[in-house]
$ cat coords_5.csv   # CSV, C-alpha atoms
chain,number,residue,atom,x,y,z
A,1,MET,CA,-135.2,65.4,39.0
A,2,VAL,CA,-136.9,68.5,40.2
A,3,GLU,CA,-140.6,69.0,39.7
A,4,PRO,CA,-141.5,71.5,36.9
A,5,ALA,CA,-142.3,75.0,38.2
A,6,VAL,CA,-145.8,75.0,36.8
A,7,VAL,CA,-148.5,76.4,39.0
A,8,GLY,CA,-151.8,74.6,39.1
A,9,SER,CA,-154.4,74.2,41.8
A,10,SER,CA,-154.1,75.8,45.3
A,11,ASP,CA,-153.4,72.3,46.7
A,12,GLN,CA,-150.1,72.1,44.8
A,13,ALA,CA,-146.8,73.1,46.4
A,14,VAL,CA,-145.7,76.5,45.1
A,15,THR,CA,-142.2,77.4,46.2
A,16,GLY,CA,-141.2,81.0,46.8
A,17,LEU,CA,-137.7,82.3,46.9
A,18,ILE,CA,-137.0,85.3,49.2
A,19,LEU,CA,-133.8,87.3,48.4
A,20,SER,CA,-133.3,90.0,51.0
A,21,GLY,CA,-131.4,93.2,50.7
A,22,GLY,CA,-128.0,94.2,51.9
A,23,GLY,CA,-125.8,95.9,49.3
A,24,ALA,CA,-122.6,93.9,48.6
A,25,ARG,CA,-123.8,91.2,51.0
A,26,ALA,CA,-126.2,90.0,48.3
A,27,ALA,CA,-123.1,88.2,46.7
A,28,TYR,CA,-123.7,85.6,49.4
A,29,GLN,CA,-127.1,84.8,47.9
A,30,VAL,CA,-125.4,84.0,44.5
A,31,GLY,CA,-123.2,81.4,46.3
A,32,VAL,CA,-126.2,79.7,47.8
A,33,LEU,CA,-128.0,79.7,44.4
A,34,ALA,CA,-124.8,78.2,42.8
A,35,GLY,CA,-125.0,75.4,45.4
A,36,ILE,CA,-128.6,74.8,44.6
A,37,ALA,CA,-127.7,74.7,40.8
A,38,ASP,CA,-125.1,72.0,41.7
A,39,LEU,CA,-127.9,69.9,43.2
A,40,LEU,CA,-130.2,70.1,40.2
A,41,PRO,CA,-130.0,67.9,37.1
A,42,TYR,CA,-128.4,69.4,34.0
A,43,GLY,CA,-130.8,71.5,32.1
A,44,ALA,CA,-133.3,72.0,35.0
A,45,ILE,CA,-135.7,74.9,34.8
A,46,ASN,CA,-136.3,77.4,37.5
A,47,PRO,CA,-137.4,75.6,40.7
A,48,PHE,CA,-139.0,78.7,42.2
A,49,PRO,CA,-142.3,79.8,40.6
A,50,VAL,CA,-142.4,82.9,42.8
A,51,ILE,CA,-139.2,85.0,43.3
A,52,VAL,CA,-139.2,88.1,45.5
A,53,GLY,CA,-136.2,90.4,45.9
A,54,THR,CA,-135.4,93.5,47.9
A,55,SER,CA,-132.6,96.0,47.5
A,56,ALA,CA,-129.6,94.3,45.9
A,57,GLY,CA,-131.5,91.0,46.2
A,58,ALA,CA,-133.9,92.5,43.7
A,59,ILE,CA,-131.2,92.5,41.1
A,60,ASN,CA,-130.5,88.8,41.7
A,61,ALA,CA,-134.3,88.0,41.7
A,62,VAL,CA,-134.9,89.7,38.4
A,63,LYS,CA,-131.9,88.0,36.7
A,64,LEU,CA,-133.2,84.6,37.8
A,65,ALA,CA,-136.7,85.4,36.5
A,66,SER,CA,-135.4,86.6,33.2
A,67,ASP,CA,-133.6,83.3,32.6
A,68,ALA,CA,-136.1,81.1,34.4
A,69,MET,CA,-136.0,78.5,31.6
A,70,ARG,CA,-132.2,78.3,32.0
A,71,PHE,CA,-131.6,78.3,35.8
A,72,ARG,CA,-128.0,77.1,35.7
A,73,VAL,CA,-127.1,79.6,33.1
A,74,ALA,CA,-128.7,82.4,35.1
A,75,VAL,CA,-126.8,81.5,38.2
A,76,HIS,CA,-123.5,81.2,36.3
A,77,GLN,CA,-124.0,84.7,34.8
A,78,LEU,CA,-124.9,86.1,38.2
A,79,THR,CA,-121.7,84.5,39.6
A,80,LEU,CA,-119.5,86.1,37.0
A,81,PHE,CA,-121.4,89.4,37.5
A,82,TRP,CA,-120.5,89.5,41.2
A,83,GLN,CA,-117.1,87.9,41.0
A,84,ASN,CA,-115.9,90.7,38.7
A,85,PHE,CA,-117.4,93.6,40.6
A,86,ARG,CA,-115.5,96.8,41.2
A,87,SER,CA,-116.7,99.8,43.2
A,88,HIS,CA,-116.5,102.1,40.2
A,89,GLN,CA,-119.2,100.0,38.5
A,90,VAL,CA,-121.7,100.9,41.3
A,91,LEU,CA,-120.7,104.4,42.4
A,92,ARG,CA,-118.3,107.2,41.7
A,93,SER,CA,-115.2,106.0,43.6
A,94,ASP,CA,-112.6,108.3,42.0
A,95,TRP,CA,-111.3,111.4,43.8
A,96,PRO,CA,-113.2,114.0,41.7
A,97,GLY,CA,-116.4,112.1,42.0
A,98,VAL,CA,-116.2,111.5,45.8
A,99,ILE,CA,-115.2,115.0,46.6
A,100,HIS,CA,-117.8,116.6,44.3
A,101,GLN,CA,-120.7,114.5,45.7
A,102,ALA,CA,-119.7,115.0,49.3
A,103,SER,CA,-119.2,118.7,48.9
A,104,ARG,CA,-122.6,119.2,47.3
A,105,PHE,CA,-124.3,117.0,50.0
A,106,VAL,CA,-122.7,118.9,52.9
A,107,GLY,CA,-123.1,122.3,51.3
A,108,LYS,CA,-126.8,121.9,50.7
A,109,SER,CA,-128.0,119.5,53.4
A,110,LEU,CA,-126.0,121.1,56.3
A,111,LEU,CA,-125.3,124.7,55.2
A,112,GLY,CA,-128.2,125.3,52.8
A,113,LEU,CA,-125.9,126.3,49.9
A,114,GLY,CA,-126.6,125.6,46.3
A,115,SER,CA,-129.7,124.3,44.6
A,116,GLN,CA,-130.9,120.8,43.5
A,117,ALA,CA,-128.2,119.2,45.6
A,118,PRO,CA,-128.4,115.4,46.0
A,119,VAL,CA,-129.8,113.8,49.1
A,120,ALA,CA,-127.1,111.1,49.0
A,121,LEU,CA,-123.5,110.9,50.1
A,122,LEU,CA,-122.5,108.7,47.2
A,123,ASN,CA,-123.1,109.0,43.4
A,124,SER,CA,-124.6,105.7,42.2
A,125,SER,CA,-125.1,106.7,38.6
A,126,PRO,CA,-122.6,104.1,37.3
A,127,LEU,CA,-125.0,101.4,38.6
A,128,ARG,CA,-127.7,102.5,36.1
A,129,ASP,CA,-125.3,102.1,33.2
A,130,LEU,CA,-124.2,98.7,34.5
A,131,LEU,CA,-127.8,97.3,34.9
A,132,THR,CA,-128.9,98.8,31.6
A,133,GLU,CA,-126.0,97.0,29.8
A,134,ARG,CA,-126.3,93.6,31.7
A,135,MET,CA,-129.9,93.1,32.4
A,136,ASP,CA,-132.4,91.9,29.8
A,137,LEU,CA,-135.8,91.8,31.4
A,138,SER,CA,-137.7,90.6,28.3
A,139,GLY,CA,-137.3,87.0,29.4
A,140,ILE,CA,-139.6,87.5,32.3
A,141,GLU,CA,-142.7,87.6,30.1
A,142,GLN,CA,-141.5,84.5,28.1
A,143,ALA,CA,-141.0,82.5,31.3
A,144,ILE,CA,-144.5,83.4,32.6
A,145,GLU,CA,-146.1,82.4,29.3
A,146,ALA,CA,-144.1,79.1,29.3
A,147,GLN,CA,-145.4,78.5,32.9
A,148,HIS,CA,-141.9,78.3,34.3
A,149,LEU,CA,-142.6,81.4,36.4
A,150,ARG,CA,-145.7,82.5,38.3
A,151,ALA,CA,-144.4,86.0,39.4
A,152,VAL,CA,-141.3,88.0,40.2
A,153,ALA,CA,-141.5,91.0,42.5
A,154,VAL,CA,-139.2,93.8,43.8
A,155,THR,CA,-140.1,96.0,46.8
A,156,ALA,CA,-139.3,99.7,47.1
A,157,PHE,CA,-140.1,102.3,49.7
A,158,GLY,CA,-142.2,105.4,48.7
A,159,TYR,CA,-140.9,108.5,50.4
A,160,GLU,CA,-144.1,110.4,50.0
A,161,SER,CA,-146.6,107.7,50.7
A,162,GLY,CA,-144.5,106.0,53.4
A,163,GLN,CA,-145.5,102.6,52.0
A,164,ALA,CA,-143.5,99.6,51.1
A,165,VAL,CA,-144.6,99.0,47.5
A,166,THR,CA,-144.1,95.6,45.9
A,167,PHE,CA,-144.0,95.9,42.1
A,168,TYR,CA,-144.7,92.5,40.6
A,169,GLN,CA,-144.9,91.0,37.1
A,170,GLY,CA,-146.8,87.8,36.8
A,171,LYS,CA,-149.9,86.0,35.8
A,172,GLY,CA,-152.9,88.1,35.1
A,173,SER,CA,-154.9,86.3,37.8
A,174,ILE,CA,-152.8,87.7,40.6
A,175,GLU,CA,-154.8,90.4,42.5
A,176,PRO,CA,-153.1,93.5,43.9
A,177,TRP,CA,-153.2,93.9,47.7
A,178,LEU,CA,-153.4,96.6,50.2
A,179,ARG,CA,-152.3,96.2,53.8
A,180,HIS,CA,-151.0,98.5,56.5
A,181,ARG,CA,-148.2,100.4,54.8
A,182,ARG,CA,-147.8,97.5,52.3
A,183,VAL,CA,-149.0,97.6,48.7
A,184,GLY,CA,-148.8,95.2,45.8
A,185,LEU,CA,-149.0,96.7,42.3
A,186,PRO,CA,-148.8,94.8,39.0
A,187,SER,CA,-146.1,96.3,36.8
A,188,ARG,CA,-143.8,95.6,33.9
A,189,LEU,CA,-140.4,95.6,35.7
A,190,THR,CA,-137.7,97.9,34.5
A,191,VAL,CA,-134.2,99.0,35.5
A,192,ASP,CA,-135.8,101.9,37.4
A,193,HIS,CA,-137.5,99.5,39.7
A,194,LEU,CA,-134.2,97.8,40.5
A,195,LEU,CA,-132.4,101.0,41.1
A,196,ALA,CA,-135.3,102.3,43.4
A,197,SER,CA,-135.3,99.1,45.4
A,198,SER,CA,-131.5,99.2,46.0
A,199,ALA,CA,-131.2,102.9,46.8
A,200,ILE,CA,-130.0,102.8,50.4
A,201,PRO,CA,-131.2,105.9,52.2
A,202,LEU,CA,-128.7,108.8,52.4
A,203,LEU,CA,-126.1,106.7,50.7
A,204,PHE,CA,-127.8,106.4,47.3
A,205,ALA,CA,-130.2,108.9,45.7
A,206,PRO,CA,-133.9,108.1,45.5
A,207,VAL,CA,-135.2,107.0,42.1
A,208,LYS,CA,-138.5,108.2,40.6
A,209,VAL,CA,-140.9,105.5,39.5
A,210,GLU,CA,-144.0,106.9,37.8
A,211,GLN,CA,-145.1,109.8,40.1
A,212,GLU,CA,-143.1,109.1,43.3
A,213,TYR,CA,-139.6,108.9,44.5
A,214,PHE,CA,-138.6,105.5,46.0
A,215,GLY,CA,-135.7,104.2,48.1
A,216,ASP,CA,-134.5,100.9,49.4
A,217,GLY,CA,-137.3,98.4,49.8
A,218,ALA,CA,-136.1,97.2,53.2
A,219,VAL,CA,-137.1,100.5,54.8
A,220,ARG,CA,-140.3,99.9,56.8
A,221,GLN,CA,-140.8,96.5,55.2
A,222,SER,CA,-142.5,95.0,58.2
A,223,ALA,CA,-143.3,91.6,56.5
A,224,PRO,CA,-140.6,90.7,53.9
A,225,ILE,CA,-142.1,87.2,53.3
A,226,SER,CA,-145.7,88.5,52.8
A,227,PRO,CA,-145.3,89.4,49.1
A,228,ALA,CA,-144.4,85.8,48.2
A,229,LEU,CA,-147.5,84.6,49.9
A,230,HIS,CA,-149.7,87.1,48.1
A,231,LEU,CA,-148.2,86.0,44.8
A,232,GLY,CA,-149.3,82.4,45.5
A,233,ALA,CA,-146.4,80.7,47.3
A,234,ASN,CA,-147.2,78.3,50.1
A,235,ARG,CA,-143.7,77.4,51.0
A,236,VAL,CA,-140.6,79.6,51.0
A,237,LEU,CA,-136.8,79.4,50.8
A,238,VAL,CA,-135.3,82.4,52.5
A,239,ILE,CA,-131.7,83.3,51.7
A,240,GLY,CA,-130.7,85.9,54.4
A,241,VAL,CA,-127.6,88.0,54.7
A,242,SER,CA,-127.5,88.4,58.4
A,243,GLY,CA,-124.1,89.3,59.9
A,244,ASN,CA,-124.6,86.8,62.7
A,245,PRO,CA,-124.8,83.0,62.0
A,246,ARG,CA,-128.4,81.8,62.4
A,247,GLY,CA,-129.0,79.5,65.3
A,248,VAL,CA,-126.0,80.6,67.3
A,249,GLN,CA,-127.2,81.8,70.6
A,250,ALA,CA,-125.2,84.3,72.5
A,251,GLN,CA,-123.6,82.9,75.7
A,252,PRO,CA,-125.1,84.4,78.9
A,253,GLN,CA,-122.7,86.6,80.7
A,254,VAL,CA,-122.8,87.9,84.2
A,255,HIS,CA,-120.9,91.0,83.2
A,256,ARG,CA,-121.0,92.4,79.7
A,257,VAL,CA,-117.7,93.0,78.0
A,258,THR,CA,-117.5,96.6,77.0
A,259,THR,CA,-114.8,99.1,76.2
A,260,GLY,CA,-116.5,102.3,77.4
A,261,ASN,CA,-115.5,104.0,74.2
A,262,GLN,CA,-117.9,106.3,72.5
A,263,PRO,CA,-119.5,104.7,69.3
A,264,SER,CA,-118.2,105.9,66.0
A,265,MET,CA,-120.6,107.1,63.3
A,266,ALA,CA,-119.9,103.9,61.4
A,267,GLN,CA,-120.9,101.8,64.4
A,268,ILE,CA,-124.1,103.7,64.7
A,269,SER,CA,-124.8,103.5,61.0
A,270,GLY,CA,-124.0,99.8,61.0
A,271,HIS,CA,-126.7,99.1,63.6
A,272,LEU,CA,-129.2,101.2,61.6
A,273,LEU,CA,-128.4,99.3,58.5
A,274,ASN,CA,-128.7,96.0,60.3
A,275,SER,CA,-132.1,97.0,61.8
A,276,THR,CA,-133.3,97.9,58.3
A,277,PHE,CA,-132.0,94.9,56.3
A,278,ILE,CA,-132.0,92.1,58.8
A,279,ASP,CA,-134.3,92.6,61.8
A,280,SER,CA,-137.6,92.7,59.9
A,281,LEU,CA,-136.8,89.5,58.0
A,282,GLU,CA,-135.7,87.6,61.1
A,283,GLY,CA,-138.7,88.8,63.0
A,284,ASP,CA,-141.0,87.8,60.1
A,285,ILE,CA,-139.5,84.3,60.0
A,286,GLU,CA,-140.0,83.9,63.8
A,287,LEU,CA,-143.6,85.0,63.5
A,288,LEU,CA,-144.3,82.6,60.6
A,289,GLU,CA,-142.8,79.7,62.6
A,290,ARG,CA,-145.0,80.5,65.5
A,291,LEU,CA,-148.1,80.6,63.3
A,292,ASN,CA,-147.1,77.2,61.9
A,293,THR,CA,-146.9,75.8,65.4
A,294,LEU,CA,-150.3,77.3,66.3
A,295,SER,CA,-151.8,75.9,63.1
A,296,ALA,CA,-150.6,72.4,63.9
A,297,LEU,CA,-152.4,72.6,67.3
A,298,LEU,CA,-155.8,73.3,65.6
A,299,PRO,CA,-157.9,70.1,65.8
A,300,ASP,CA,-159.9,70.8,62.6
A,301,GLU,CA,-158.2,70.4,59.2
A,302,GLN,CA,-160.6,73.0,57.8
A,303,ALA,CA,-159.6,75.5,60.4
A,304,ARG,CA,-155.9,75.0,59.5
A,305,ARG,CA,-156.7,76.0,55.9
A,306,GLN,CA,-158.3,79.3,56.7
A,307,PRO,CA,-156.5,82.4,55.4
A,308,GLY,CA,-153.7,83.4,57.7
A,309,MET,CA,-153.7,80.0,59.4
A,310,ALA,CA,-152.6,77.7,56.6
A,311,PRO,CA,-149.1,76.4,57.4
A,312,VAL,CA,-146.2,77.7,55.3
A,313,GLU,CA,-143.1,75.6,55.2
A,314,VAL,CA,-140.0,77.7,55.6
A,315,LEU,CA,-136.3,76.8,55.0
A,316,VAL,CA,-133.7,79.5,55.9
A,317,ILE,CA,-130.1,79.6,54.7
A,318,SER,CA,-128.0,82.4,56.1
A,319,PRO,CA,-124.2,83.0,56.5
A,320,SER,CA,-122.4,80.6,58.8
A,321,ARG,CA,-119.7,83.2,59.4
A,322,PRO,CA,-120.0,86.9,60.5
A,323,LEU,CA,-119.8,89.0,57.3
A,324,ASP,CA,-118.4,91.9,59.3
A,325,GLU,CA,-115.2,90.0,59.9
A,326,ILE,CA,-114.9,89.0,56.2
A,327,ALA,CA,-115.4,92.7,55.2
A,328,ALA,CA,-112.7,93.9,57.6
A,329,ARG,CA,-110.2,91.6,56.0
A,330,HIS,CA,-110.9,92.9,52.5
A,331,ARG,CA,-111.0,96.7,53.4
A,332,HIS,CA,-107.7,97.2,51.6
A,333,GLU,CA,-109.6,96.5,48.3
A,334,LEU,CA,-111.5,99.8,48.5
A,335,PRO,CA,-110.3,102.5,46.0
A,336,PRO,CA,-108.1,105.1,47.8
A,337,ALA,CA,-110.7,107.9,47.5
A,338,LEU,CA,-113.5,105.8,48.9
A,339,ARG,CA,-111.3,104.4,51.6
A,340,THR,CA,-110.3,107.9,52.7
A,341,PHE,CA,-113.9,109.0,52.6
A,342,LEU,CA,-115.0,106.1,54.9
A,343,ARG,CA,-112.1,106.4,57.2
A,344,GLY,CA,-113.4,109.5,59.0
A,345,PRO,CA,-116.7,107.9,60.2
A,346,GLY,CA,-114.7,104.8,61.2
A,347,ALA,CA,-116.0,102.4,58.6
A,348,THR,CA,-112.5,101.1,57.8
A,349,LYS,CA,-111.9,100.1,61.4
A,350,THR,CA,-112.9,96.7,62.7
A,351,SER,CA,-115.6,98.2,64.9
A,352,GLY,CA,-117.2,99.9,61.9
A,353,ALA,CA,-116.9,96.9,59.5
A,354,SER,CA,-120.6,96.4,59.4
A,355,VAL,CA,-121.1,99.5,57.2
A,356,LEU,CA,-118.2,98.3,55.1
A,357,SER,CA,-119.9,94.9,54.5
A,358,TYR,CA,-122.7,96.7,52.7
A,359,LEU,CA,-120.5,98.9,50.5
A,360,LEU,CA,-117.5,96.7,49.6
A,361,PHE,CA,-118.3,96.1,46.0
A,362,GLU,CA,-115.0,94.5,45.2
A,363,ALA,CA,-114.1,91.2,43.6
A,364,GLY,CA,-112.2,89.7,46.6
A,365,TYR,CA,-114.9,90.3,49.1
A,366,CYS,CA,-117.8,89.3,46.8
A,367,SER,CA,-116.0,86.1,45.7
A,368,GLU,CA,-115.4,85.1,49.3
A,369,LEU,CA,-119.1,85.6,50.1
A,370,ILE,CA,-120.0,83.5,47.0
A,371,GLU,CA,-117.8,80.7,48.2
A,372,LEU,CA,-119.3,80.9,51.7
A,373,GLY,CA,-122.8,80.7,50.2
A,374,ARG,CA,-121.9,77.7,48.1
A,375,HIS,CA,-120.4,76.0,51.2
A,376,ASP,CA,-123.5,76.7,53.4
A,377,ALA,CA,-125.7,75.3,50.6
A,378,LYS,CA,-123.6,72.2,50.4
A,379,VAL,CA,-123.8,71.7,54.2
A,380,GLN,CA,-127.6,71.9,53.9
A,381,GLY,CA,-127.6,69.9,50.7
A,382,GLU,CA,-129.9,67.1,52.0
A,383,GLU,CA,-132.4,69.5,53.4
A,384,LEU,CA,-132.4,71.5,50.1
A,385,LYS,CA,-133.0,68.3,48.2
A,386,ARG,CA,-135.9,67.4,50.4
A,387,PHE,CA,-137.3,71.0,50.3
A,388,LEU,CA,-137.0,71.3,46.5
A,389,ARG,CA,-138.1,67.6,45.9
A,390,ILE,CA,-135.0,66.7,44.1
A,391,ALA,CA,-134.7,62.9,43.6
$ encode --input "coords_5.csv" --output "structure tokens"
Amino acid sequence: MVEPAVVGSSDQAVTGLILSGGGARAAYQVGVLAGIADLLPYGAINPFPVIVGTSAGAINAVKLASDAMRFRVAVHQLTLFWQNFRSHQVLRSDWPGVIHQASRFVGKSLLGLGSQAPVALLNSSPLRDLLTERMDLSGIEQAIEAQHLRAVAVTAFGYESGQAVTFYQGKGSIEPWLRHRRVGLPSRLTVDHLLASSAIPLLFAPVKVEQEYFGDGAVRQSAPISPALHLGANRVLVIGVSGNPRGVQAQPQVHRVTTGNQPSMAQISGHLLNSTFIDSLEGDIELLERLNTLSALLPDEQARRQPGMAPVEVLVISPSRPLDEIAARHRHELPPALRTFLRGPGATKTSGASVLSYLLFEAGYCSELIELGRHDAKVQGEELKRFLRIA
């Protein structure tokens, strides 16, 4: 059995779940969650009192929180949600929609023509309709009252303030926080928060929440694990979406293998997206592991319990296969208009598949990521059982 997710004294273990961003890559997280559901006994409640999501991970996080009293049901619904994805459910992928949006963007942003032109290359208005139809956020408050959930949070980036703002819904005793370019605000989460958190800069339009426009929460999020700790977690499970398998060290080479070709726009964009969605999380994990090592060296137990020095147990699950390669094999699934639009920058080529791995909202690609996530969770099954205290 798994211990009930009821939060008590500070000495109790409070497990946090970190779901990072990454567009279509977030389908991998659903596979890992499905693998965890397979390990839990039938009818088990949510094993994560604290759930934090960013970008597309925010959608998965809020869905889990909404059905915290039915964890297996929530994961099953998420699986169906991602397995049946099509690009037109997330963005305008038809010829008129793609041409109209691109023309307005180029005309205003590059030529200064027109008025009130979007600051995005793609029209993501279908995603609002999809989330409004599929997401019932009323269950969050019920789960909190039933003590099956301590808090759920999504992070978005404020374009005016330049701050990473974590909007959280949870117990009234959780205090807001203010750090350097990081803010925690109590809120009643809505679809607007999800749209704002997943609005990839320049690709999707910013979303107005209260008095400010917000974009993807991974932008300038220097400490992705920090919100979970502020919300009371003292141990965290991180489900990453890195394009490179964790723990695989690059082989040293005397001479680097290069082609000498000029990088395409897709290659450049891919590195920018990776630095936004992946580098901060991996750096934060490394820092936390170093702090744990330092804490263990302190001779005094009281010193180890001081704020900032208390050890935080971390378990990381990330893709065992490069997601770029998987995306490249599924590029034919893109609608013709979107495929043509992405061909120019080089995103449909193997060298530009990193960008494609974020935007390929199609059933075949998402389903393969789900199966990869389930496989990776199964491989780490014993470690997950230990971490989640499943007998």
$ closest_residue --input "coords_5.csv" --among "A:Gly270, A:Gly364, A:Gly57, A:Gly158" --to "His330 of chain A" --atoms "all atoms listed in the file"
A:Gly364
$ residues_around --input "coords_5.csv" --residues "Ser87 of chain A" --least-positions-apart "5" --cutoff "7 Å" --atoms "only C-alpha atoms" --output "ChimeraX atom specification"
/A:93,361-362
$ residues_around --input "coords_5.csv" --residues "segment 222-235 of chain A" --least-positions-apart "5" --cutoff "6 Å" --atoms "all atoms listed in the file" --output "PDB file with C-alpha atoms, in the coordinates of the input"
ATOM      1  CA  VAL A  14    -145.700  76.500  45.100  1.00  0.00           C
ATOM      2  CA  THR A  15    -142.200  77.400  46.200  1.00  0.00           C
ATOM      3  CA  GLY A  16    -141.200  81.000  46.800  1.00  0.00           C
ATOM      4  CA  SER A 280    -137.600  92.700  59.900  1.00  0.00           C
ATOM      5  CA  LEU A 281    -136.800  89.500  58.000  1.00  0.00           C
ATOM      6  CA  ASP A 284    -141.000  87.800  60.100  1.00  0.00           C
ATOM      7  CA  VAL A 312    -146.200  77.700  55.300  1.00  0.00           C
ATOM      8  CA  GLU A 313    -143.100  75.600  55.200  1.00  0.00           C
ATOM      9  CA  VAL A 314    -140.000  77.700  55.600  1.00  0.00           C
TER      10      VAL A 314
END
$ atom_distance --input "coords_5.csv" --atom1 "atom CA of Glu145 of chain A" --atom2 "atom CA of Val50 of chain A"
14.0 Å
$ atom_distance --input "coords_5.csv" --atom1 "atom CA of Ser295 of chain A" --atom2 "atom CA of Val238 of chain A"
20.7 Å
$ residues_near_point --input "coords_5.csv" --point "(-116.5, 84.1, 37.7)" --cutoff "12 Å" --atoms "all atoms listed in the file" --output "compact mmCIF listing (two decimals) with C-alpha atoms, in the coordinates of the input"
# COMPACT_ATOMS: atom_id res chain seq x y z
CA ALA A 27 -123.10 88.20 46.70
CA VAL A 30 -125.40 84.00 44.50
CA GLY A 31 -123.20 81.40 46.30
CA ALA A 34 -124.80 78.20 42.80
CA VAL A 75 -126.80 81.50 38.20
CA HIS A 76 -123.50 81.20 36.30
CA GLN A 77 -124.00 84.70 34.80
CA LEU A 78 -124.90 86.10 38.20
CA THR A 79 -121.70 84.50 39.60
CA LEU A 80 -119.50 86.10 37.00
CA PHE A 81 -121.40 89.40 37.50
CA TRP A 82 -120.50 89.50 41.20
CA GLN A 83 -117.10 87.90 41.00
CA ASN A 84 -115.90 90.70 38.70
CA PHE A 85 -117.40 93.60 40.60
CA ALA A 363 -114.10 91.20 43.60
CA GLY A 364 -112.20 89.70 46.60
CA CYS A 366 -117.80 89.30 46.80
CA SER A 367 -116.00 86.10 45.70
CA GLU A 368 -115.40 85.10 49.30
CA ILE A 370 -120.00 83.50 47.00
CA GLU A 371 -117.80 80.70 48.20
$ closest_residue --input "coords_5.csv" --among "A:Val379, A:Ile268, A:Ile278, A:Pro299" --to "Gly352 of chain A" --atoms "all atoms listed in the file"
A:Ile268
$ residues_around --input "coords_5.csv" --residues "Ala199 of chain A" --least-positions-apart "4" --cutoff "8 Å" --atoms "only C-alpha atoms" --output "list in words"
Ser55, Leu195, Leu203, Phe204, Ala205, Pro206, Val207, Phe214, Gly215 and Asp216 of chain A
$ closest_residue --input "coords_5.csv" --among "A:Val316, A:Ala353, A:Leu194, A:Ala61" --to "Gln380 of chain A" --atoms "all atoms listed in the file"
A:Val316
$ closest_residue --input "coords_5.csv" --among "A:Ala74, A:Leu202, A:Ile45, A:Met135" --to "Ala120 of chain A" --atoms "all atoms listed in the file"
A:Leu202
$ closest_residue --input "coords_5.csv" --among "A:Ala151, A:Ala146, A:Ala44, A:Ile200" --to "Pro186 of chain A" --atoms "all atoms listed in the file"
A:Ala151
$ residues_around --input "coords_5.csv" --residues "Leu39 of chain A" --least-positions-apart "6" --cutoff "9 Å" --atoms "only C-alpha atoms" --output "list of chain:residue names"
A:Lys378, A:Gly381, A:Leu384, A:Lys385, A:Ile390
$ atom_distance --input "coords_5.csv" --atom1 "atom CA of Leu315 of chain A" --atom2 "atom CA of Val165 of chain A"
24.9 Å
$ closest_residue --input "coords_5.csv" --among "A:Ala153, A:Ser320, A:Tyr159, A:Gln262" --to "Pro49 of chain A" --atoms "all atoms listed in the file"
A:Ala153
$ residues_near_point --input "coords_5.csv" --point "(-122.7, 100.8, 39.1)" --cutoff "9 Å" --atoms "only C-alpha atoms" --output "number ranges by chain"
A: 86-92, 124-131
$ write_last_selection --input "coords_5.csv" --atoms "C-alpha atoms" --output "CSV table (one decimal), keeping the file's coordinate frame"
chain,number,residue,atom,x,y,z
A,86,ARG,CA,-115.5,96.8,41.2
A,87,SER,CA,-116.7,99.8,43.2
A,88,HIS,CA,-116.5,102.1,40.2
A,89,GLN,CA,-119.2,100.0,38.5
A,90,VAL,CA,-121.7,100.9,41.3
A,91,LEU,CA,-120.7,104.4,42.4
A,92,ARG,CA,-118.3,107.2,41.7
A,124,SER,CA,-124.6,105.7,42.2
A,125,SER,CA,-125.1,106.7,38.6
A,126,PRO,CA,-122.6,104.1,37.3
A,127,LEU,CA,-125.0,101.4,38.6
A,128,ARG,CA,-127.7,102.5,36.1
A,129,ASP,CA,-125.3,102.1,33.2
A,130,LEU,CA,-124.2,98.7,34.5
A,131,LEU,CA,-127.8,97.3,34.9
$ build_atoms --input "coords_5.csv" --residues "segment 260-268 of chain A" --atoms "N, CA and C atoms" --output "mmCIF file, in the coordinates of the input"
data_model
loop_
_atom_site.group_PDB
_atom_site.id
_atom_site.type_symbol
_atom_site.label_atom_id
_atom_site.label_comp_id
_atom_site.auth_asym_id
_atom_site.auth_seq_id
_atom_site.Cartn_x
_atom_site.Cartn_y
_atom_site.Cartn_z
ATOM 1 N N GLY A 260 -116.199 100.935 76.886
ATOM 2 C CA GLY A 260 -116.500 102.300 77.400
ATOM 3 C C GLY A 260 -116.178 103.374 76.415
ATOM 4 N N ASN A 261 -115.793 103.000 75.181
ATOM 5 C CA ASN A 261 -115.500 104.000 74.200
ATOM 6 C C ASN A 261 -116.793 104.511 73.534
ATOM 7 N N GLN A 262 -116.777 105.773 73.135
ATOM 8 C CA GLN A 262 -117.900 106.300 72.500
ATOM 9 C C GLN A 262 -118.072 105.697 71.074
ATOM 10 N N PRO A 263 -119.294 105.319 70.647
ATOM 11 C CA PRO A 263 -119.500 104.700 69.300
ATOM 12 C C PRO A 263 -119.121 105.634 68.206
ATOM 13 N N SER A 264 -118.520 105.104 67.166
ATOM 14 C CA SER A 264 -118.200 105.900 66.000
ATOM 15 C C SER A 264 -119.478 106.042 65.134
ATOM 16 N N MET A 265 -119.439 106.964 64.178
ATOM 17 C CA MET A 265 -120.600 107.100 63.300
ATOM 18 C C MET A 265 -120.794 105.849 62.483
ATOM 19 N N ALA A 266 -119.718 105.139 62.142
ATOM 20 C CA ALA A 266 -119.900 103.900 61.400
ATOM 21 C C ALA A 266 -120.548 102.818 62.232
ATOM 22 N N GLN A 267 -120.234 102.759 63.529
ATOM 23 C CA GLN A 267 -120.900 101.800 64.400
ATOM 24 C C GLN A 267 -122.401 102.071 64.473
ATOM 25 N N ILE A 268 -122.739 103.333 64.653
ATOM 26 C CA ILE A 268 -124.100 103.700 64.700
ATOM 27 C C ILE A 268 -124.843 103.396 63.403
#
